[in-house]
Amino acid sequence: MSERPTDNMKIATARNDGPRNDLSLKPATASRGEGPMRTAWRRFRRSPMALLGLWLVGIMIAAALIGPWVTPYAYDEPIKHSATDAPSWRHPLGLDQNGRDVMTRAFYGARVSLQVALAATVVAVALGIFAGAMAGYFGRWTDELFMRAADAFSAFPGILLAVAITAAFRTRSLMVVFIALGLVGWSGLARIVRSQVLTLREEEFVQAARALGVGRMRILFRHILPNCLAPVIVTSTLLMAGNILGEAGLSFLGIGVEPPYPSWGVMLAEARSWFPLYWWMSAFPGVAIALTVLGFNLLGDGLRDALDPKG
Amino acid sequence: MKSFILRRLLNLVPVMLGISLAAFIMMYVLPGDPATLMAPQSADERVLAEVRAQYHLDDPLPKQYLNFLGRAAHGDLGISVQTGRPVVRKLLESFLPTLQLAAGSLLFALIVGVGAGAVSAAKPRSWLDAACMLGALAGVSLPVFWLGMMLMLLFAGPHSWLAVSGYEPLSLRHFALPCIALGSVTAALLARLTRSSLLEVLSRDYIRTARAKGVAEWRVLLRHGMRNAMLPIVTMIGASLAGLLSGAVLTETVFNIPGLGRAILDAIGGRDYPVVMGAVLWLALMFVALNLIVDLLYAALDPRIRYE
């Protein structure tokens, strides 16, 4: 990442060192007007791993959006009655125990898995930003309250906590699944946002705003929170990876997404009752999960490197 | 040092109280009468009243909570609704398989993870480094239970010596595959951490000095490098041991191991609230105790760290 200085750094030196540094003014003017997003994208593109992550995620999203339209089969209609088939040209990923096309179900599964993971991430990010901002900005007992809550939530292994929350709802629906996963994921983000807010609160531009008489809420929402965006983006990408695994785990235990609606976890759970027969039923949904999670992990790592101003 | 331990132990009190309160609230305040959940489906009003009396469900909630705390302090976590046996015994029984699973997984993770990380750091940017880091990336991305299933498919044919399910105390035959499956995530995380930590240490001046005065390369790596790179690794071992001990539900499910995770899952499924609450307290205690041990290990590893 850091072999050659970025244009950003050249701008900085050009400004700081004054007229002595005439030579480096040229690249500075050349890249003037480049927004932070463009800079990040330029740095992101340099990393092949990050690009691979973007491709993997892109392919999975495309499969979720387009797959169900392309496939000639339905996810819940048996093609052959209660019979499995090994992968073949007609059914590249085989047929499952009810004679349903595994590839079709994997397409619909991509929809469900990505949707649940996305909704869970939104819940976690909303809660995390709220708690972290409150704790960092108001301090004192607000800080204690939210951070001790974060401690309690992170004291338990995610999957058990999600199981407990699911049980507490006493009904099963997609909403319960993503709320449970969201409640599991918020605490880490809250800590990150809190530490960001704590540093930013003392920055000069915030003190200037305060001196100008800007209200507390406006300072928080207009001056502090927008500057937390980079770590929040990185963390939510990594949360997506965790939530896809979480959904798969919950569904595998039989308390996540409800069959016959397919998610990748549901497909693995169904494969387990026939295990070790019909390897294709368990192999392919797992590969789909692994590639998607890998994609989000690579994307998150790449974003962290690209968005880090010090990188 | 002593006052540090004392202060940390005192800190445990509010944390444990908070967690027990949360568990209690989850059990009683959410909609639904606990008595109807605990009693069999067909129970009539008379049976329900009996259940309420037996579990003191008619007492005011604060009193119930205090009673629960008082009994918990004496090591009595109540009676399991499903089996009618003491919760503590149930927890201890199921903890044993989990302990072995966690220990085996950690051992696997340490050997593979720290080994791969050290190899990577010793030869950065080599094909070996790339292979190790690719493996580490795969390790954090694979669902544990799926890895377990694939291991079964690959290694556990009818002629294989390895067992695919069930539990026998201290049996390598039964624990090899589950430990590899469960340990892989920790191994992957440890590999990445060891690599970055060791690379950081190896760039220091005293390493250059050691090399310059002709210390053998393996000695530089192990004695000068690894020793100083251990601190973050120990932190992660502590954190992951807590996770391994309690978060092995999926592995235990795949391999049919009657462990703590399974017990909690079954208790939640069967609305066996005394067991759930007991397990929650047990897990919390284990977690904070492990954190304390990790902090104390710091001081042992790095003499510069002193606790006031």
# chains A, B, ... in the order shown; residues from 1 in each chain; ligands from 1
$ closest_atom_pairs --of "region 170-276 of chain B" --to "region 92-95 of chain B" --cutoff "7 Å" --atoms "only C-alpha atoms" --output "tab-separated table"
residue	atom	partner	partner_atom	distance
B:Pro258	CA	B:Ser94	CA	6.2
B:Gly259	CA	B:Ser94	CA	4.5
B:Leu260	CA	B:Ser94	CA	4.8
B:Ala263	CA	B:Ser94	CA	6.7
$ write_last_selection --atoms "N, CA and C atoms" --output "PDB file, in the first residue's frame"
ATOM      1  N   PRO B 258     -22.527 -34.356  22.986  1.00  0.00           N
ATOM      2  CA  PRO B 258     -23.455 -33.834  24.002  1.00  0.00           C
ATOM      3  C   PRO B 258     -22.784 -32.775  24.864  1.00  0.00           C
ATOM      4  N   GLY B 259     -22.466 -31.634  24.282  1.00  0.00           N
ATOM      5  CA  GLY B 259     -21.720 -30.604  24.998  1.00  0.00           C
ATOM      6  C   GLY B 259     -22.599 -29.482  25.536  1.00  0.00           C
ATOM      7  N   LEU B 260     -21.929 -28.457  26.054  1.00  0.00           N
ATOM      8  CA  LEU B 260     -22.627 -27.339  26.679  1.00  0.00           C
ATOM      9  C   LEU B 260     -23.488 -26.573  25.675  1.00  0.00           C
ATOM     10  N   ALA B 263     -26.516 -28.450  25.034  1.00  0.00           N
ATOM     11  CA  ALA B 263     -27.393 -28.419  26.204  1.00  0.00           C
ATOM     12  C   ALA B 263     -28.170 -27.104  26.260  1.00  0.00           C
TER      13      ALA B 263
END
$ residues_around --residues "Gly148 (chain B)" --least-positions-apart "2" --cutoff "9 Å" --atoms "only C-alpha atoms" --output "VMD selection string"
chain B and resid 143 to 146 150 to 153 177 to 178 180 to 182 251 254 to 255
$ write_last_selection --atoms "all heavy atoms" --output "CSV table (one decimal), in the first residue's frame"
chain,number,residue,atom,x,y,z
B,143,PRO,N,-18.1,-21.7,6.7
B,143,PRO,CA,-19.0,-22.0,7.9
B,143,PRO,C,-18.4,-23.2,8.6
B,143,PRO,O,-18.1,-24.2,7.9
B,143,PRO,CB,-20.3,-22.3,7.2
B,143,PRO,CG,-20.2,-21.9,5.8
B,143,PRO,CD,-18.8,-21.9,5.4
B,144,VAL,N,-18.3,-23.1,9.9
B,144,VAL,CA,-17.7,-24.2,10.7
B,144,VAL,C,-18.4,-25.5,10.5
B,144,VAL,O,-17.8,-26.6,10.2
B,144,VAL,CB,-17.7,-23.8,12.2
B,144,VAL,CG1,-17.3,-25.0,13.0
B,144,VAL,CG2,-16.8,-22.7,12.5
B,145,PHE,N,-19.8,-25.5,10.5
B,145,PHE,CA,-20.5,-26.7,10.4
B,145,PHE,C,-20.4,-27.3,9.0
B,145,PHE,O,-20.4,-28.6,8.9
B,145,PHE,CB,-22.0,-26.5,10.8
B,145,PHE,CG,-22.7,-25.4,9.9
B,145,PHE,CD1,-23.4,-25.8,8.8
B,145,PHE,CD2,-22.6,-24.1,10.3
B,145,PHE,CE1,-24.1,-24.8,8.1
B,145,PHE,CE2,-23.2,-23.1,9.5
B,145,PHE,CZ,-23.9,-23.5,8.4
B,146,TRP,N,-20.3,-26.5,8.0
B,146,TRP,CA,-20.1,-27.0,6.7
B,146,TRP,C,-18.7,-27.7,6.5
B,146,TRP,O,-18.6,-28.7,5.9
B,146,TRP,CB,-20.2,-25.9,5.6
B,146,TRP,CG,-20.1,-26.4,4.2
B,146,TRP,CD1,-21.0,-27.1,3.6
B,146,TRP,CD2,-19.1,-26.1,3.3
B,146,TRP,NE1,-20.6,-27.4,2.3
B,146,TRP,CE2,-19.4,-26.7,2.1
B,146,TRP,CE3,-17.9,-25.4,3.4
B,146,TRP,CZ2,-18.5,-26.7,1.0
B,146,TRP,CZ3,-17.0,-25.3,2.3
B,146,TRP,CH2,-17.4,-26.0,1.1
B,150,MET,N,-17.9,-31.5,5.4
B,150,MET,CA,-17.0,-31.8,4.3
B,150,MET,C,-15.9,-32.7,4.8
B,150,MET,O,-15.4,-33.6,4.1
B,150,MET,CB,-16.4,-30.5,3.7
B,150,MET,CG,-17.4,-29.7,2.9
B,150,MET,SD,-18.2,-30.5,1.6
B,150,MET,CE,-19.9,-30.7,2.2
B,151,LEU,N,-15.4,-32.4,6.0
B,151,LEU,CA,-14.4,-33.3,6.6
B,151,LEU,C,-14.9,-34.7,6.7
B,151,LEU,O,-14.2,-35.7,6.4
B,151,LEU,CB,-13.9,-32.8,8.0
B,151,LEU,CG,-13.0,-31.6,8.0
B,151,LEU,CD1,-12.8,-31.1,9.4
B,151,LEU,CD2,-11.7,-31.9,7.3
B,152,MET,N,-16.1,-34.8,7.2
B,152,MET,CA,-16.8,-36.2,7.3
B,152,MET,C,-16.8,-36.9,5.9
B,152,MET,O,-16.4,-38.0,5.8
B,152,MET,CB,-18.2,-36.0,7.8
B,152,MET,CG,-18.4,-35.8,9.2
B,152,MET,SD,-20.1,-36.0,9.5
B,152,MET,CE,-20.3,-35.1,11.0
B,153,LEU,N,-17.2,-36.1,4.9
B,153,LEU,CA,-17.3,-36.7,3.6
B,153,LEU,C,-15.9,-37.2,3.1
B,153,LEU,O,-15.8,-38.3,2.5
B,153,LEU,CB,-17.8,-35.6,2.6
B,153,LEU,CG,-19.3,-35.5,2.3
B,153,LEU,CD1,-19.5,-34.5,1.2
B,153,LEU,CD2,-19.9,-36.8,2.0
B,177,LEU,N,-11.7,-34.9,14.0
B,177,LEU,CA,-12.4,-34.1,13.0
B,177,LEU,C,-13.1,-32.9,13.6
B,177,LEU,O,-13.0,-31.8,13.1
B,177,LEU,CB,-13.4,-35.0,12.3
B,177,LEU,CG,-12.8,-36.0,11.3
B,177,LEU,CD1,-13.9,-36.8,10.6
B,177,LEU,CD2,-11.8,-35.4,10.4
B,178,PRO,N,-13.9,-33.0,14.7
B,178,PRO,CA,-14.5,-31.8,15.3
B,178,PRO,C,-13.5,-30.8,15.7
B,178,PRO,O,-13.8,-29.6,15.5
B,178,PRO,CB,-15.3,-32.4,16.6
B,178,PRO,CG,-15.4,-33.8,16.4
B,178,PRO,CD,-14.3,-34.3,15.4
B,180,ILE,N,-10.6,-30.2,14.4
B,180,ILE,CA,-10.1,-29.5,13.2
B,180,ILE,C,-11.2,-28.5,12.6
B,180,ILE,O,-10.9,-27.4,12.3
B,180,ILE,CB,-9.7,-30.5,12.1
B,180,ILE,CG1,-8.6,-31.4,12.5
B,180,ILE,CG2,-9.4,-29.8,10.8
B,180,ILE,CD1,-8.2,-32.5,11.6
B,181,ALA,N,-12.4,-29.0,12.6
B,181,ALA,CA,-13.5,-28.1,12.1
B,181,ALA,C,-13.6,-26.8,12.9
B,181,ALA,O,-13.6,-25.7,12.4
B,181,ALA,CB,-14.8,-28.9,12.0
B,182,LEU,N,-13.7,-27.1,14.3
B,182,LEU,CA,-13.9,-25.9,15.1
B,182,LEU,C,-12.7,-25.0,15.2
B,182,LEU,O,-12.8,-23.8,15.3
B,182,LEU,CB,-14.3,-26.4,16.5
B,182,LEU,CG,-14.6,-25.3,17.6
B,182,LEU,CD1,-15.8,-24.5,17.1
B,182,LEU,CD2,-15.0,-25.9,18.9
B,251,THR,N,-20.7,-27.1,15.9
B,251,THR,CA,-19.8,-28.2,15.8
B,251,THR,C,-20.4,-29.4,16.5
B,251,THR,O,-20.4,-30.6,16.1
B,251,THR,CB,-18.4,-27.9,16.3
B,251,THR,OG1,-18.0,-26.6,15.8
B,251,THR,CG2,-17.4,-29.0,15.9
B,254,VAL,N,-23.2,-30.9,14.5
B,254,VAL,CA,-22.8,-31.7,13.4
B,254,VAL,C,-22.3,-33.0,13.8
B,254,VAL,O,-22.6,-34.1,13.2
B,254,VAL,CB,-21.7,-30.9,12.5
B,254,VAL,CG1,-21.2,-31.8,11.4
B,254,VAL,CG2,-22.3,-29.7,11.9
B,255,PHE,N,-21.4,-33.0,14.9
B,255,PHE,CA,-20.8,-34.3,15.3
B,255,PHE,C,-21.5,-35.0,16.4
B,255,PHE,O,-20.9,-35.9,17.0
B,255,PHE,CB,-19.3,-34.0,15.6
B,255,PHE,CG,-18.5,-33.6,14.5
B,255,PHE,CD1,-18.2,-32.3,14.1
B,255,PHE,CD2,-17.9,-34.6,13.7
B,255,PHE,CE1,-17.4,-32.0,13.1
B,255,PHE,CE2,-17.1,-34.3,12.6
B,255,PHE,CZ,-16.9,-33.0,12.3
$ interface_residues --of "chain A" --to "chain B" --cutoff "8 Å" --atoms "only C-alpha atoms" --output "list in words"
Arg148, Ala152, Ala155, Phe156, Pro157, Gly158, Ile159, Leu160, Val163, Ala164, Ala167, Ala168, Ala241, Leu245, Ala248, Gly249, Leu253, Leu268, Pro276, Trp279, Ser282, Ala283, Gly286, Ile289, Ala290, Leu291, Val293, Leu294 and Asn297 of chain A
$ write_last_selection --atoms "N, CA and C atoms" --output "PDB file, in the first residue's frame"
ATOM      1  N   ARG A 148     -21.566  -0.640  29.030  1.00  0.00           N
ATOM      2  CA  ARG A 148     -21.777  -1.871  29.807  1.00  0.00           C
ATOM      3  C   ARG A 148     -22.749  -2.795  29.058  1.00  0.00           C
ATOM      4  N   ALA A 152     -22.001  -6.568  27.892  1.00  0.00           N
ATOM      5  CA  ALA A 152     -22.866  -7.717  28.162  1.00  0.00           C
ATOM      6  C   ALA A 152     -23.184  -8.455  26.870  1.00  0.00           C
ATOM      7  N   ALA A 155     -20.254 -10.385  25.572  1.00  0.00           N
ATOM      8  CA  ALA A 155     -19.731 -11.412  26.471  1.00  0.00           C
ATOM      9  C   ALA A 155     -20.187 -12.793  26.033  1.00  0.00           C
ATOM     10  N   PHE A 156     -21.197 -12.843  25.168  1.00  0.00           N
ATOM     11  CA  PHE A 156     -21.711 -14.155  24.786  1.00  0.00           C
ATOM     12  C   PHE A 156     -21.372 -14.486  23.353  1.00  0.00           C
ATOM     13  N   PRO A 157     -21.126 -15.748  23.099  1.00  0.00           N
ATOM     14  CA  PRO A 157     -20.864 -16.154  21.728  1.00  0.00           C
ATOM     15  C   PRO A 157     -22.069 -15.811  20.871  1.00  0.00           C
ATOM     16  N   GLY A 158     -21.793 -15.206  19.706  1.00  0.00           N
ATOM     17  CA  GLY A 158     -22.851 -14.671  18.867  1.00  0.00           C
ATOM     18  C   GLY A 158     -23.983 -15.638  18.599  1.00  0.00           C
ATOM     19  N   ILE A 159     -23.635 -16.865  18.259  1.00  0.00           N
ATOM     20  CA  ILE A 159     -24.668 -17.791  17.805  1.00  0.00           C
ATOM     21  C   ILE A 159     -25.633 -18.129  18.941  1.00  0.00           C
ATOM     22  N   LEU A 160     -25.101 -18.290  20.168  1.00  0.00           N
ATOM     23  CA  LEU A 160     -25.983 -18.607  21.299  1.00  0.00           C
ATOM     24  C   LEU A 160     -26.876 -17.423  21.632  1.00  0.00           C
ATOM     25  N   VAL A 163     -29.588 -17.334  19.193  1.00  0.00           N
ATOM     26  CA  VAL A 163     -30.554 -18.391  19.506  1.00  0.00           C
ATOM     27  C   VAL A 163     -31.476 -17.940  20.637  1.00  0.00           C
ATOM     28  N   ALA A 164     -30.867 -17.357  21.685  1.00  0.00           N
ATOM     29  CA  ALA A 164     -31.654 -16.919  22.837  1.00  0.00           C
ATOM     30  C   ALA A 164     -32.642 -15.829  22.444  1.00  0.00           C
ATOM     31  N   ALA A 167     -35.441 -17.258  20.543  1.00  0.00           N
ATOM     32  CA  ALA A 167     -36.373 -17.962  21.421  1.00  0.00           C
ATOM     33  C   ALA A 167     -37.245 -16.985  22.184  1.00  0.00           C
ATOM     34  N   ALA A 168     -36.659 -15.832  22.559  1.00  0.00           N
ATOM     35  CA  ALA A 168     -37.416 -14.863  23.342  1.00  0.00           C
ATOM     36  C   ALA A 168     -38.602 -14.315  22.552  1.00  0.00           C
ATOM     37  N   ALA A 241     -20.370 -10.131   6.167  1.00  0.00           N
ATOM     38  CA  ALA A 241     -19.769 -11.465   6.151  1.00  0.00           C
ATOM     39  C   ALA A 241     -20.228 -12.256   7.368  1.00  0.00           C
ATOM     40  N   LEU A 245     -22.795 -15.777   7.655  1.00  0.00           N
ATOM     41  CA  LEU A 245     -22.473 -16.970   8.434  1.00  0.00           C
ATOM     42  C   LEU A 245     -23.502 -17.186   9.540  1.00  0.00           C
ATOM     43  N   ALA A 248     -26.749 -18.553   8.186  1.00  0.00           N
ATOM     44  CA  ALA A 248     -26.559 -19.962   7.825  1.00  0.00           C
ATOM     45  C   ALA A 248     -26.566 -20.830   9.080  1.00  0.00           C
ATOM     46  N   GLY A 249     -25.869 -20.371  10.124  1.00  0.00           N
ATOM     47  CA  GLY A 249     -25.807 -21.142  11.366  1.00  0.00           C
ATOM     48  C   GLY A 249     -27.166 -21.299  12.002  1.00  0.00           C
ATOM     49  N   LEU A 253     -29.389 -24.733  12.483  1.00  0.00           N
ATOM     50  CA  LEU A 253     -29.895 -25.243  13.758  1.00  0.00           C
ATOM     51  C   LEU A 253     -31.412 -25.368  13.741  1.00  0.00           C
ATOM     52  N   LEU A 268     -28.431 -26.418   3.711  1.00  0.00           N
ATOM     53  CA  LEU A 268     -27.459 -27.254   4.408  1.00  0.00           C
ATOM     54  C   LEU A 268     -28.142 -28.086   5.482  1.00  0.00           C
ATOM     55  N   PRO A 276     -24.358 -38.854   5.048  1.00  0.00           N
ATOM     56  CA  PRO A 276     -23.453 -38.354   4.001  1.00  0.00           C
ATOM     57  C   PRO A 276     -23.878 -38.728   2.586  1.00  0.00           C
ATOM     58  N   TRP A 279     -23.845 -35.872  -1.757  1.00  0.00           N
ATOM     59  CA  TRP A 279     -22.883 -34.839  -1.371  1.00  0.00           C
ATOM     60  C   TRP A 279     -23.186 -33.484  -1.995  1.00  0.00           C
ATOM     61  N   SER A 282     -25.054 -30.818   0.063  1.00  0.00           N
ATOM     62  CA  SER A 282     -24.365 -30.046   1.103  1.00  0.00           C
ATOM     63  C   SER A 282     -23.187 -29.252   0.547  1.00  0.00           C
ATOM     64  N   ALA A 283     -22.548 -29.768  -0.503  1.00  0.00           N
ATOM     65  CA  ALA A 283     -21.330 -29.118  -0.978  1.00  0.00           C
ATOM     66  C   ALA A 283     -21.621 -27.729  -1.553  1.00  0.00           C
ATOM     67  N   GLY A 286     -22.733 -24.667   0.650  1.00  0.00           N
ATOM     68  CA  GLY A 286     -21.592 -24.281   1.473  1.00  0.00           C
ATOM     69  C   GLY A 286     -20.573 -23.472   0.679  1.00  0.00           C
ATOM     70  N   ILE A 289     -21.897 -19.995   0.332  1.00  0.00           N
ATOM     71  CA  ILE A 289     -21.685 -19.213   1.559  1.00  0.00           C
ATOM     72  C   ILE A 289     -20.229 -18.786   1.652  1.00  0.00           C
ATOM     73  N   ALA A 290     -19.318 -19.758   1.457  1.00  0.00           N
ATOM     74  CA  ALA A 290     -17.894 -19.467   1.641  1.00  0.00           C
ATOM     75  C   ALA A 290     -17.432 -18.377   0.683  1.00  0.00           C
ATOM     76  N   LEU A 291     -17.853 -18.458  -0.590  1.00  0.00           N
ATOM     77  CA  LEU A 291     -17.413 -17.452  -1.568  1.00  0.00           C
ATOM     78  C   LEU A 291     -17.974 -16.077  -1.216  1.00  0.00           C
ATOM     79  N   VAL A 293     -18.928 -14.962   1.781  1.00  0.00           N
ATOM     80  CA  VAL A 293     -18.268 -14.452   2.986  1.00  0.00           C
ATOM     81  C   VAL A 293     -16.853 -14.002   2.654  1.00  0.00           C
ATOM     82  N   LEU A 294     -16.159 -14.805   1.859  1.00  0.00           N
ATOM     83  CA  LEU A 294     -14.805 -14.438   1.426  1.00  0.00           C
ATOM     84  C   LEU A 294     -14.845 -13.102   0.696  1.00  0.00           C
ATOM     85  N   ASN A 297     -15.340 -10.278   3.130  1.00  0.00           N
ATOM     86  CA  ASN A 297     -14.126 -10.084   3.928  1.00  0.00           C
ATOM     87  C   ASN A 297     -13.053  -9.359   3.134  1.00  0.00           C
TER      88      ASN A 297
END
$ atom_distance --atom1 "CA of Ala119 (chain A)" --atom2 "CA of Met37 (chain A)"
24.8 Å
$ atom_distance --atom1 "CA of Ala133 (chain A)" --atom2 "CA of Leu299 (chain A)"
25.5 Å
$ atom_distance --atom1 "CA of Arg204 (chain B)" --atom2 "CA of Glu217 (chain B)"
15.0 Å
$ residues_around --residues "region 223-234 of chain A" --least-positions-apart "4" --cutoff "9 Å" --atoms "only C-alpha atoms" --output "count of residues only"
25
$ closest_residue --among "B:Ile257, B:Cys132, B:Leu202, B:Lys123" --to "His174 (chain B)" --atoms "only C-alpha atoms"
B:Ile257
$ closest_residue --among "A:Gly256, A:Gly182, A:Pro285, A:Gly295" --to "Asn243 (chain A)" --atoms "only C-alpha atoms"
A:Gly182
$ select_by_dssp --residues "region 75-289 of chain A" --states "helix (DSSP H, G or I)" --output "PyMOL selection string"
chain A and resi 102-138+140-154+158-169+174-201+204-211+216-252+264-272+279-289
$ residues_around --residues "Tyr298 (chain B)" --least-positions-apart "3" --cutoff "10 Å" --atoms "only C-alpha atoms" --output "tab-separated table (two decimals) with N, CA, C and O atoms, in the first residue's frame"
chain	number	residue	atom	x	y	z
B	230	MET	N	4.38	-12.35	21.18
B	230	MET	CA	3.36	-13.18	21.83
B	230	MET	C	2.18	-12.40	22.40
B	230	MET	O	1.09	-12.94	22.55
B	231	LEU	N	2.39	-11.13	22.75
B	231	LEU	CA	1.38	-10.41	23.53
B	231	LEU	C	0.01	-10.38	22.85
B	231	LEU	O	-0.99	-10.81	23.44
B	232	PRO	N	-0.08	-9.88	21.60
B	232	PRO	CA	-1.40	-9.90	20.95
B	232	PRO	C	-1.92	-11.32	20.75
B	232	PRO	O	-3.13	-11.55	20.77
B	234	VAL	N	-1.55	-13.87	22.77
B	234	VAL	CA	-2.16	-14.33	24.02
B	234	VAL	C	-3.55	-13.73	24.21
B	234	VAL	O	-4.49	-14.40	24.62
B	235	THR	N	-3.66	-12.44	23.85
B	235	THR	CA	-4.98	-11.81	23.94
B	235	THR	C	-5.99	-12.58	23.12
B	235	THR	O	-7.11	-12.88	23.57
B	293	ILE	N	-7.43	-13.83	33.55
B	293	ILE	CA	-6.24	-14.66	33.38
B	293	ILE	C	-5.34	-14.09	32.28
B	293	ILE	O	-4.12	-14.02	32.43
B	294	VAL	N	-5.98	-13.65	31.18
B	294	VAL	CA	-5.20	-13.07	30.09
B	294	VAL	C	-4.44	-11.84	30.56
B	294	VAL	O	-3.25	-11.67	30.28
B	295	ASP	N	-5.11	-10.99	31.32
B	295	ASP	CA	-4.45	-9.78	31.82
B	295	ASP	C	-3.26	-10.14	32.70
B	295	ASP	O	-2.22	-9.49	32.66
B	301	LEU	N	4.36	-12.25	30.65
B	301	LEU	CA	5.07	-12.25	29.36
B	301	LEU	C	5.90	-11.00	29.16
B	301	LEU	O	6.96	-11.04	28.54
B	302	ASP	N	5.41	-9.89	29.63
B	302	ASP	CA	6.09	-8.63	29.40
B	302	ASP	C	6.37	-7.96	30.73
B	302	ASP	O	5.49	-7.38	31.34
B	303	PRO	N	7.62	-8.06	31.19
B	303	PRO	CA	7.94	-7.54	32.52
B	303	PRO	C	7.72	-6.03	32.64
B	303	PRO	O	7.68	-5.52	33.74
B	304	ARG	N	7.57	-5.36	31.48
B	304	ARG	CA	7.34	-3.92	31.58
B	304	ARG	C	5.95	-3.61	32.10
B	304	ARG	O	5.68	-2.54	32.60
B	305	ILE	N	5.02	-4.57	31.92
B	305	ILE	CA	3.65	-4.33	32.37
B	305	ILE	C	3.55	-4.62	33.85
B	305	ILE	O	3.86	-5.71	34.31
B	306	ARG	N	3.15	-3.62	34.60
B	306	ARG	CA	2.94	-3.77	36.04
B	306	ARG	C	1.56	-3.28	36.38
B	306	ARG	O	1.14	-2.23	35.89
B	307	TYR	N	0.86	-4.04	37.16
B	307	TYR	CA	-0.47	-3.58	37.56
B	307	TYR	C	-0.41	-2.94	38.91
B	307	TYR	O	0.20	-3.47	39.84
$ residues_around --residues "Gly78 (chain B)" --least-positions-apart "2" --cutoff "10 Å" --atoms "only C-alpha atoms" --output "PyMOL selection string"
chain B and resi 55+68+71-72+75-76+80-81+84-88+273-275+277-278
$ residues_around --residues "Gln115 (chain A)" --least-positions-apart "5" --cutoff "12 Å" --atoms "only C-alpha atoms" --output "mmCIF file with C-alpha atoms, in the first residue's frame"
data_model
loop_
_atom_site.group_PDB
_atom_site.id
_atom_site.type_symbol
_atom_site.label_atom_id
_atom_site.label_comp_id
_atom_site.auth_asym_id
_atom_site.auth_seq_id
_atom_site.Cartn_x
_atom_site.Cartn_y
_atom_site.Cartn_z
ATOM 1 C CA MET A 60 -23.530 -13.163 -5.725
ATOM 2 C CA ILE A 61 -25.764 -10.086 -5.863
ATOM 3 C CA ALA A 64 -29.687 -13.183 -6.314
ATOM 4 C CA LEU A 65 -31.246 -10.588 -8.634
ATOM 5 C CA TYR A 108 -33.386 -18.060 -4.336
ATOM 6 C CA GLY A 109 -31.168 -18.866 -1.364
ATOM 7 C CA ALA A 110 -28.825 -16.070 -2.404
ATOM 8 C CA ALA A 120 -29.342 -7.540 10.078
ATOM 9 C CA THR A 121 -26.429 -5.287 9.158
ATOM 10 C CA VAL A 122 -28.745 -2.270 8.918
ATOM 11 C CA LEU A 174 -37.447 -13.470 8.792
ATOM 12 C CA MET A 175 -37.767 -10.354 10.926
ATOM 13 C CA VAL A 177 -33.824 -13.672 12.425
ATOM 14 C CA PHE A 178 -32.408 -10.372 11.317
ATOM 15 C CA MET A 240 -22.237 -8.571 6.220
ATOM 16 C CA ASN A 243 -24.287 -12.078 9.264
ATOM 17 C CA ILE A 244 -24.255 -14.411 6.272
ATOM 18 C CA GLU A 247 -27.979 -16.711 9.152
ATOM 19 C CA VAL A 257 -35.303 -19.084 7.872
ATOM 20 C CA SER A 263 -31.695 -19.983 2.252
ATOM 21 C CA TRP A 264 -28.225 -21.443 2.022
#
$ decode --residues "region 5-18 of chain B" --atoms "C-alpha atoms" --output "compact mmCIF listing (two decimals), in the first residue's frame"
# COMPACT_ATOMS: atom_id res chain seq x y z
CA ILE B 5 -6.63 -8.67 41.16
CA LEU B 6 -8.86 -7.56 44.00
CA ARG B 7 -10.15 -4.60 42.01
CA ARG B 8 -10.83 -6.79 39.00
CA LEU B 9 -12.67 -9.29 41.15
CA LEU B 10 -14.77 -6.48 42.62
CA ASN B 11 -15.50 -5.28 39.10
CA LEU B 12 -16.94 -8.70 38.39
CA VAL B 13 -19.78 -8.11 40.82
CA PRO B 14 -21.71 -5.46 38.85
CA VAL B 15 -21.03 -7.26 35.57
CA MET B 16 -22.37 -10.56 36.89
CA LEU B 17 -25.33 -8.82 38.50
CA GLY B 18 -26.15 -7.10 35.23
